[in-house]
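Novice: Here it is, the structure in full.
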Amino acid sequence: MSLTNPKPNTRRNFLSTTFLAAFGASNLKFHSLDSNLTTIKPAALKKGDTIGLVCPAYSAFIKEEVTVAVESLQAMGFKVLIGKHVFDRYGNLAGKDQDRAEDINEMFANKQVNAIMAMHGGWGSARILPLLNYDLIKNNPKILIGYSDITALLVGIYAQTGLATFHGPVGSSTWNSFTVDYFKNTLIDGNATKMVNPIKKNDTLVQTDDRIYTIYSGKASGKLIGGNLTVLSHILGSKFVPDFKNAILFIEDIQEDTYRVDRMITQLKLAGILNNISGFVFGKCTDCPPSKNYGSLTLEDIFEDHIKPLKIPAFSGSMIGHIKDKFTVPIGIEATIDADEGSIKLKEPAVIIK
């Protein structure tokens, strides 16, 4: 697999070889906290609160993107504190690993900061997982939000502390009404949000965009855990992976040939994750065509092979991923999915209203 140089606000293509290929599924040992991990909810946001903007992975190459992000958050009524190392450069990264970890640790320690948001993804978040102060984070619970490469932090921090984290927009996201509404509904209003795709028929007889594909009918409940498929699959076997027993797994990806998606879902299967979950949601796989160089399975084929035989409620097409209109999905919060409706409904608020 060739290494590409993606834009700062897209996830990278990286590490084509799989962990399982090197070590074998039987050698995987998970060291995350036990299945009785108690979820810690952060405080809800309110106007006037401060959001810390950090770059745990790629540097902020384009300063104007940071300016737009700051102005967007200010337009929602928030103050913004930019991390000290956001504009640092070490190759593609926003400074050395210790520097990027320091920004996150300092944001959690800063009593004036109410939430922490990644500017964008890229690659590099997993490198700083061993450098975070998890006692500090657990004792100073705050909203942490992002997607793509930030998946490593979202699931890693949840696994180590029980803090509910949020798969949602980053600073460089498109802050349109759809994204803003779900962000506010979940993180400001503190609602037990229901996430369902928009109805958009455009000028066609039926809806053609953002359709739901039901893999296996039914409803299921469990804690939501997931994020970017590539990032998640490449931290398997570490202590930064939560227990997936009775969880609802949600995943998304970008710029991956379908044979790679098949490989990574197979990895989740061999690691025992798929057999433990109660429900499955696949968001968007943006620009994920069948390979032109090889005869390749489609995404539907992959779901039929790996997910449908599980006989658990499962669907794909949810507004989760590298897309403009995106949900804010909490990790570690109980929810119910309806695979026929294509919905995710929180069973409780994900934040505490003070």
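Here, A, B, ... name the chains of the structure tokens in the order displayed, residue numbers run from 1 inside each chain, and ligands are numbered from 1 in the same displayed order.
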Determine, using only C-alpha atoms, which residues of stretch 171-194 of chain A have any atom at most 10 Å from an atom of stretch 157-167 of chain A, and tabulate each with its shortest atom pair and distance in Å to one decimal place, rows ordered by chain and then rising number, as a Markdown table.
Specialist:
```
| residue | atom | partner | partner_atom | distance |
| --- | --- | --- | --- | --- |
| A:Phe183 | CA | A:Phe166 | CA | 9.8 |
| A:Thr186 | CA | A:Phe166 | CA | 9.7 |
| A:Leu187 | CA | A:Phe166 | CA | 9.2 |
```
Novice: Would you export the selected residues with all heavy atoms as a short mmCIF file (atom, residue, chain, number, x, y, z; two decimals), in the first residue's frame, please?
Specialist:
```
data_model
loop_
_atom_site.label_atom_id
_atom_site.label_comp_id
_atom_site.auth_asym_id
_atom_site.auth_seq_id
_atom_site.Cartn_x
_atom_site.Cartn_y
_atom_site.Cartn_z
N PHE A 183 -24.96 18.88 17.13
CA PHE A 183 -23.96 19.29 18.12
C PHE A 183 -24.65 19.94 19.32
O PHE A 183 -24.41 19.58 20.48
CB PHE A 183 -22.98 20.25 17.46
CG PHE A 183 -21.89 20.77 18.36
CD1 PHE A 183 -20.68 20.10 18.48
CD2 PHE A 183 -22.06 21.95 19.08
CE1 PHE A 183 -19.67 20.59 19.31
CE2 PHE A 183 -21.06 22.43 19.91
CZ PHE A 183 -19.86 21.76 20.02
N THR A 186 -27.10 17.57 21.44
CA THR A 186 -26.44 16.58 22.29
C THR A 186 -25.57 17.22 23.36
O THR A 186 -25.60 16.79 24.53
CB THR A 186 -25.58 15.63 21.43
OG1 THR A 186 -26.42 14.99 20.46
CG2 THR A 186 -24.90 14.57 22.29
N LEU A 187 -24.80 18.25 23.01
CA LEU A 187 -23.78 18.78 23.91
C LEU A 187 -24.18 20.04 24.67
O LEU A 187 -23.57 20.35 25.70
CB LEU A 187 -22.50 19.06 23.12
CG LEU A 187 -21.86 17.84 22.44
CD1 LEU A 187 -20.58 18.24 21.72
CD2 LEU A 187 -21.57 16.74 23.45
#
```
Novice: Within 7 Å of stretch 334-351 of chain A, counting only C-alpha atoms, which residues show up once you throw out same-chain ones fewer than 5 positions away? Write them as a ChimeraX atom specification, please.
Specialist: /A:41-44,186-187,190-196,212,214,216-224,313-315,318
Novice: Find, counting only C-alpha atoms, the residue in A:Gly168, A:Gly237, A:Asp257, A:Lys269 that gets nearest to A:Ile320.
Specialist: A:Gly168
Novice: So, counting only C-alpha atoms, which residue among A:Ala118, A:Leu229, A:Ile51, A:Val206 is closest to A:Gly321?
Specialist: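 Distance minimum relative to A:Gly321 lands on A:Leu229.
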Novice: Give the helix (DSSP H, G or I) residues of stretch 111-212 of chain A, as DSSP finds them on the backbone, and put them as a PyMOL selection string.
Specialist: chain A and resi 125-131+134-139+148-161+177-187
Novice: If you measure from atom CA of A:Ser177 to atom CA of A:Pro330, what distance in Å do you get, rounded to one decimal?
Specialist: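 That distance, rounded to one decimal, is 19.3 Å.
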Novice: Interatomic distance between atom CA of A:Ile302 and atom CA of A:Arg263?
Specialist: 9.7 Å
Novice: Please determine, counting only C-alpha atoms, which residue among A:Ala57, A:Glu300, A:Asp305, A:Gln255 has the shortest atom-to-atom distance to A:Asp287.
Specialist: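 Smallest separation from A:Asp287 among the options: A:Gln255.
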Novice: Using only C-alpha atoms, which of A:Asn36, A:Asn246, A:Asn133, A:Thr298 sits nearest A:Asn275?
Specialist: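 Residue with the minimum atom-to-atom distance to A:Asn275: A:Asn246.
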Novice: I'd like the neighbourhood of A:Thr151 as a list in words, where a residue qualifies if any of its atoms comes within 6 Å (using only C-alpha atoms), though same-chain residues fewer than 3 positions away should be ignored.
Specialist: Tyr147, Ser148, Leu154, Gly227 and Asn228 of chain A
Novice: Using the selection just defined, write its residues with N, CA and C atoms as a PDB file, in the first residue's frame.
Specialist:
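This is the output file result.pdb:
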```
ATOM      1  N   TYR A 147     -13.248  13.353  15.052  1.00  0.00           N
ATOM      2  CA  TYR A 147     -13.500  12.107  14.323  1.00  0.00           C
ATOM      3  C   TYR A 147     -12.256  11.749  13.532  1.00  0.00           C
ATOM      4  N   SER A 148     -12.360  10.728  12.693  1.00  0.00           N
ATOM      5  CA  SER A 148     -11.250  10.296  11.862  1.00  0.00           C
ATOM      6  C   SER A 148     -10.111   9.792  12.753  1.00  0.00           C
ATOM      7  N   LEU A 154     -10.531   9.133  21.315  1.00  0.00           N
ATOM      8  CA  LEU A 154     -11.897   8.942  21.805  1.00  0.00           C
ATOM      9  C   LEU A 154     -12.057   7.595  22.502  1.00  0.00           C
ATOM     10  N   GLY A 227     -15.851   4.471  15.745  1.00  0.00           N
ATOM     11  CA  GLY A 227     -15.133   5.562  15.102  1.00  0.00           C
ATOM     12  C   GLY A 227     -14.594   5.123  13.765  1.00  0.00           C
ATOM     13  N   ASN A 228     -13.430   5.623  13.421  1.00  0.00           N
ATOM     14  CA  ASN A 228     -12.816   5.303  12.139  1.00  0.00           C
ATOM     15  C   ASN A 228     -12.311   3.860  12.140  1.00  0.00           C
TER      16      ASN A 228
END
```
Novice: Mind giving me the straight-line distance from atom CA of A:Asp253 to atom CA of A:Val170 in Å, one decimal?
Specialist: 15.5 Å
Novice: Just the residues within 10 Å of A:Leu232, please, counting only C-alpha atoms, with nothing from its chain fewer than 4 positions along; format it as an MDAnalysis selection string.
Specialist: chainID A and resid 126 148:149 151:152 155:156 226:228 236 240:241 251 264 268
Novice: Save out the residues we just selected, N, CA and C atoms, as a compact mmCIF listing (two decimals), in the first residue's frame.
Specialist:
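Output saved as part-v3.txt:
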```txt
# COMPACT_ATOMS: atom_id res chain seq x y z
N ALA A 126 -2.69 8.22 17.81
CA ALA A 126 -2.32 6.99 18.54
C ALA A 126 -0.93 7.08 19.14
N SER A 148 -12.36 10.73 12.69
CA SER A 148 -11.25 10.30 11.86
C SER A 148 -10.11 9.79 12.75
N ASP A 149 -8.90 10.34 12.60
CA ASP A 149 -7.76 9.89 13.39
C ASP A 149 -7.96 10.12 14.88
N THR A 151 -10.26 9.18 16.54
CA THR A 151 -10.81 7.95 17.09
C THR A 151 -9.89 7.34 18.14
N ALA A 152 -8.59 7.38 17.90
CA ALA A 152 -7.63 6.80 18.85
C ALA A 152 -7.78 7.43 20.23
N VAL A 155 -11.61 6.53 21.83
CA VAL A 155 -11.78 5.21 22.43
C VAL A 155 -10.71 4.94 23.49
N GLY A 156 -9.50 5.48 23.28
CA GLY A 156 -8.42 5.27 24.24
C GLY A 156 -8.72 5.90 25.59
N GLY A 226 -17.05 3.23 18.93
CA GLY A 226 -16.60 3.10 17.55
C GLY A 226 -15.85 4.31 17.06
N GLY A 227 -15.85 4.47 15.75
CA GLY A 227 -15.13 5.56 15.10
C GLY A 227 -14.59 5.12 13.77
N ASN A 228 -13.43 5.62 13.42
CA ASN A 228 -12.82 5.30 12.14
C ASN A 228 -12.31 3.86 12.14
N LEU A 236 -5.90 -2.30 17.95
CA LEU A 236 -6.33 -3.55 18.57
C LEU A 236 -5.14 -4.22 19.27
N PHE A 240 -5.75 0.45 25.00
CA PHE A 240 -6.56 1.62 24.67
C PHE A 240 -7.82 1.24 23.88
N VAL A 241 -8.16 -0.05 23.91
CA VAL A 241 -9.37 -0.53 23.24
C VAL A 241 -10.38 -0.95 24.31
N ILE A 251 -18.85 2.36 12.84
CA ILE A 251 -17.58 2.60 12.15
C ILE A 251 -17.82 3.39 10.86
N MET A 264 -10.08 -5.18 7.20
CA MET A 264 -10.16 -4.62 8.56
C MET A 264 -11.37 -5.15 9.32
N LEU A 268 -11.49 -7.25 12.89
CA LEU A 268 -12.39 -7.11 14.03
C LEU A 268 -13.06 -8.44 14.37
```
Novice: DSSP on the backbone: what in stretch 56-250 of chain A comes out strand (DSSP E), as number ranges by chain?
Specialist: A: 79-82, 115-118, 143-146, 165-167, 194-196, 213-216, 219-228, 248-250
Novice: Based on the selection just made, write N, CA, C and O atoms of those residues as a compact mmCIF listing (two decimals), in the first residue's frame.
Specialist:
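And here is the file that came out, part.txt:
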```txt
# COMPACT_ATOMS: atom_id res chain seq x y z
N LYS A 79 -16.08 30.91 23.53
CA LYS A 79 -14.73 31.44 23.46
C LYS A 79 -13.82 30.31 23.00
O LYS A 79 -14.15 29.14 23.16
N VAL A 80 -12.67 30.65 22.46
CA VAL A 80 -11.76 29.63 21.93
C VAL A 80 -10.35 29.88 22.45
O VAL A 80 -9.85 31.01 22.41
N LEU A 81 -9.73 28.81 22.93
CA LEU A 81 -8.33 28.85 23.33
C LEU A 81 -7.56 27.90 22.41
O LEU A 81 -7.85 26.71 22.36
N ILE A 82 -6.59 28.44 21.68
CA ILE A 82 -5.80 27.63 20.74
C ILE A 82 -4.62 27.01 21.48
O ILE A 82 -3.88 27.69 22.20
N ALA A 115 -14.39 22.40 27.10
CA ALA A 115 -14.44 21.31 26.13
C ALA A 115 -13.19 21.37 25.27
O ALA A 115 -12.54 22.42 25.17
N ILE A 116 -12.85 20.25 24.67
CA ILE A 116 -11.65 20.15 23.85
C ILE A 116 -12.04 19.60 22.48
O ILE A 116 -12.70 18.56 22.40
N MET A 117 -11.63 20.29 21.45
CA MET A 117 -11.97 19.90 20.08
C MET A 117 -10.71 19.82 19.23
O MET A 117 -9.83 20.68 19.32
N ALA A 118 -10.63 18.77 18.43
CA ALA A 118 -9.52 18.66 17.47
C ALA A 118 -9.77 19.58 16.30
O ALA A 118 -10.91 19.74 15.85
N ILE A 143 -15.84 17.56 27.76
CA ILE A 143 -16.19 17.10 26.42
C ILE A 143 -14.92 17.05 25.58
O ILE A 143 -14.16 18.01 25.51
N LEU A 144 -14.69 15.92 24.93
CA LEU A 144 -13.63 15.77 23.93
C LEU A 144 -14.29 15.31 22.65
O LEU A 144 -14.99 14.29 22.64
N ILE A 145 -14.09 16.04 21.57
CA ILE A 145 -14.81 15.75 20.34
C ILE A 145 -13.91 15.81 19.11
O ILE A 145 -12.98 16.61 19.04
N GLY A 146 -14.19 14.94 18.17
CA GLY A 146 -13.48 14.88 16.89
C GLY A 146 -13.87 13.61 16.17
O GLY A 146 -14.74 12.85 16.63
N THR A 165 -16.76 10.23 25.43
CA THR A 165 -16.18 11.12 24.44
C THR A 165 -17.14 11.21 23.24
O THR A 165 -18.13 10.49 23.19
N PHE A 166 -16.81 12.05 22.27
CA PHE A 166 -17.80 12.34 21.23
C PHE A 166 -17.21 12.30 19.83
O PHE A 166 -16.26 13.02 19.52
N HIS A 167 -17.77 11.42 19.03
CA HIS A 167 -17.41 11.32 17.61
C HIS A 167 -18.29 12.31 16.87
O HIS A 167 -19.49 12.12 16.71
N LYS A 194 -32.14 11.67 19.16
CA LYS A 194 -32.40 10.65 18.16
C LYS A 194 -31.74 11.08 16.87
O LYS A 194 -31.96 12.18 16.38
N MET A 195 -30.89 10.20 16.33
CA MET A 195 -30.15 10.50 15.10
C MET A 195 -30.72 9.68 13.95
O MET A 195 -30.69 8.45 13.98
N VAL A 196 -31.26 10.38 12.96
CA VAL A 196 -31.86 9.71 11.81
C VAL A 196 -31.54 10.52 10.57
O VAL A 196 -31.50 11.75 10.60
N TYR A 213 -29.37 1.27 4.38
CA TYR A 213 -29.39 -0.11 3.92
C TYR A 213 -29.46 -1.00 5.16
O TYR A 213 -28.55 -1.02 5.98
N THR A 214 -30.58 -1.70 5.30
CA THR A 214 -30.75 -2.59 6.44
C THR A 214 -30.05 -3.91 6.17
O THR A 214 -30.40 -4.64 5.24
N ILE A 215 -29.06 -4.20 6.98
CA ILE A 215 -28.30 -5.45 6.83
C ILE A 215 -29.03 -6.59 7.52
O ILE A 215 -29.15 -7.69 6.98
N TYR A 216 -29.54 -6.31 8.74
CA TYR A 216 -30.32 -7.30 9.48
C TYR A 216 -31.32 -6.53 10.33
O TYR A 216 -30.96 -5.62 11.07
N LYS A 219 -34.18 -4.21 16.51
CA LYS A 219 -33.69 -3.17 17.41
C LYS A 219 -32.70 -3.78 18.38
O LYS A 219 -32.82 -4.95 18.75
N ALA A 220 -31.73 -2.98 18.79
CA ALA A 220 -30.73 -3.45 19.76
C ALA A 220 -30.31 -2.28 20.65
O ALA A 220 -30.35 -1.12 20.23
N SER A 221 -29.92 -2.61 21.86
CA SER A 221 -29.45 -1.59 22.80
C SER A 221 -28.05 -1.95 23.31
O SER A 221 -27.67 -3.12 23.35
N GLY A 222 -27.31 -0.93 23.68
CA GLY A 222 -25.97 -1.13 24.21
C GLY A 222 -25.21 0.18 24.21
O GLY A 222 -25.69 1.20 23.70
N LYS A 223 -24.02 0.16 24.78
CA LYS A 223 -23.17 1.35 24.77
C LYS A 223 -22.61 1.56 23.37
O LYS A 223 -22.14 0.61 22.73
N LEU A 224 -22.65 2.79 22.91
CA LEU A 224 -22.06 3.13 21.62
C LEU A 224 -20.55 3.20 21.74
O LEU A 224 -20.01 3.89 22.59
N ILE A 225 -19.86 2.45 20.88
CA ILE A 225 -18.39 2.50 20.83
C ILE A 225 -17.98 2.38 19.36
O ILE A 225 -18.48 1.52 18.64
N GLY A 226 -17.05 3.23 18.93
CA GLY A 226 -16.60 3.10 17.55
C GLY A 226 -15.85 4.31 17.06
O GLY A 226 -15.26 5.07 17.84
N GLY A 227 -15.85 4.47 15.75
CA GLY A 227 -15.13 5.56 15.10
C GLY A 227 -14.59 5.12 13.77
O GLY A 227 -15.21 4.32 13.05
N ASN A 228 -13.43 5.62 13.42
CA ASN A 228 -12.82 5.30 12.14
C ASN A 228 -12.31 3.86 12.14
O ASN A 228 -11.59 3.43 13.04
N ILE A 248 -22.84 -1.41 20.93
CA ILE A 248 -23.22 -1.12 19.55
C ILE A 248 -21.99 -0.53 18.86
O ILE A 248 -21.52 0.54 19.24
N LEU A 249 -21.46 -1.26 17.92
CA LEU A 249 -20.27 -0.82 17.20
C LEU A 249 -20.68 0.05 16.02
O LEU A 249 -21.51 -0.34 15.20
N PHE A 250 -20.09 1.27 15.94
CA PHE A 250 -20.30 2.11 14.75
C PHE A 250 -18.93 2.42 14.15
O PHE A 250 -17.97 2.68 14.87
```
Novice: A:Asn139: which residues within 10 Å, counting only C-alpha atoms, same-chain residues fewer than 3 positions away excluded, as a ChimeraX atom specification?
Specialist: /A:40,108-109,134-136,142,161,163
Novice: How would the residues just picked look written out with C-alpha atoms as a PDB file, in the first residue's frame?
Specialist:
```pdb
ATOM      1  CA  ILE A  40     -18.319   9.409  33.409  1.00  0.00           C
ATOM      2  CA  PHE A 108      -7.882  19.065  30.704  1.00  0.00           C
ATOM      3  CA  ALA A 109      -5.989  20.732  33.564  1.00  0.00           C
ATOM      4  CA  TYR A 134      -5.321   9.607  32.528  1.00  0.00           C
ATOM      5  CA  ASP A 135      -5.683  10.374  36.234  1.00  0.00           C
ATOM      6  CA  LEU A 136      -5.780  14.073  35.363  1.00  0.00           C
ATOM      7  CA  LYS A 142     -14.671  17.500  29.852  1.00  0.00           C
ATOM      8  CA  THR A 161     -10.991   6.507  32.301  1.00  0.00           C
ATOM      9  CA  LEU A 163     -15.067   9.378  30.254  1.00  0.00           C
TER      10      LEU A 163
END
```
Novice: Could you list, as a ChimeraX atom specification, every residue within 10 Å of A:Cys55, counting only C-alpha atoms and ignoring same-chain residues fewer than 5 positions away?
Specialist: /A:60,82-88,93-95,100-101,103-104,117-122,124-125,150,171
Novice: Take the residues just selected and output them with C-alpha atoms as a PDB file, in the first residue's frame.
Specialist:
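The new file out-v3.pdb reads:
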```
ATOM      1  CA  ALA A  60      -2.580  23.295  11.149  1.00  0.00           C
ATOM      2  CA  ILE A  82      -5.804  27.628  20.743  1.00  0.00           C
ATOM      3  CA  GLY A  83      -3.330  25.008  21.932  1.00  0.00           C
ATOM      4  CA  LYS A  84       0.301  26.102  22.178  1.00  0.00           C
ATOM      5  CA  HIS A  85       1.498  23.597  19.593  1.00  0.00           C
ATOM      6  CA  VAL A  86      -1.294  23.800  17.006  1.00  0.00           C
ATOM      7  CA  PHE A  87       0.978  25.492  14.466  1.00  0.00           C
ATOM      8  CA  ASP A  88       4.119  23.526  15.289  1.00  0.00           C
ATOM      9  CA  LEU A  93       2.655  16.385  12.782  1.00  0.00           C
ATOM     10  CA  ALA A  94       1.855  19.361  14.996  1.00  0.00           C
ATOM     11  CA  GLY A  95       5.104  19.049  16.894  1.00  0.00           C
ATOM     12  CA  ARG A 100       0.880  17.332  21.210  1.00  0.00           C
ATOM     13  CA  ALA A 101       0.145  15.311  24.348  1.00  0.00           C
ATOM     14  CA  ASP A 103      -1.600  20.426  24.709  1.00  0.00           C
ATOM     15  CA  ILE A 104      -4.290  17.887  25.585  1.00  0.00           C
ATOM     16  CA  MET A 117     -11.973  19.904  20.080  1.00  0.00           C
ATOM     17  CA  ALA A 118      -9.516  18.661  17.474  1.00  0.00           C
ATOM     18  CA  MET A 119      -8.830  21.027  14.617  1.00  0.00           C
ATOM     19  CA  HIS A 120      -8.651  18.071  12.200  1.00  0.00           C
ATOM     20  CA  GLY A 121      -7.371  14.520  11.962  1.00  0.00           C
ATOM     21  CA  GLY A 122      -4.649  13.137   9.707  1.00  0.00           C
ATOM     22  CA  GLY A 124      -0.636  10.791  14.859  1.00  0.00           C
ATOM     23  CA  SER A 125      -3.197  10.594  17.667  1.00  0.00           C
ATOM     24  CA  ILE A 150      -9.118  11.340  16.650  1.00  0.00           C
ATOM     25  CA  GLY A 171     -12.798  22.618  13.969  1.00  0.00           C
TER      26      GLY A 171
END
```
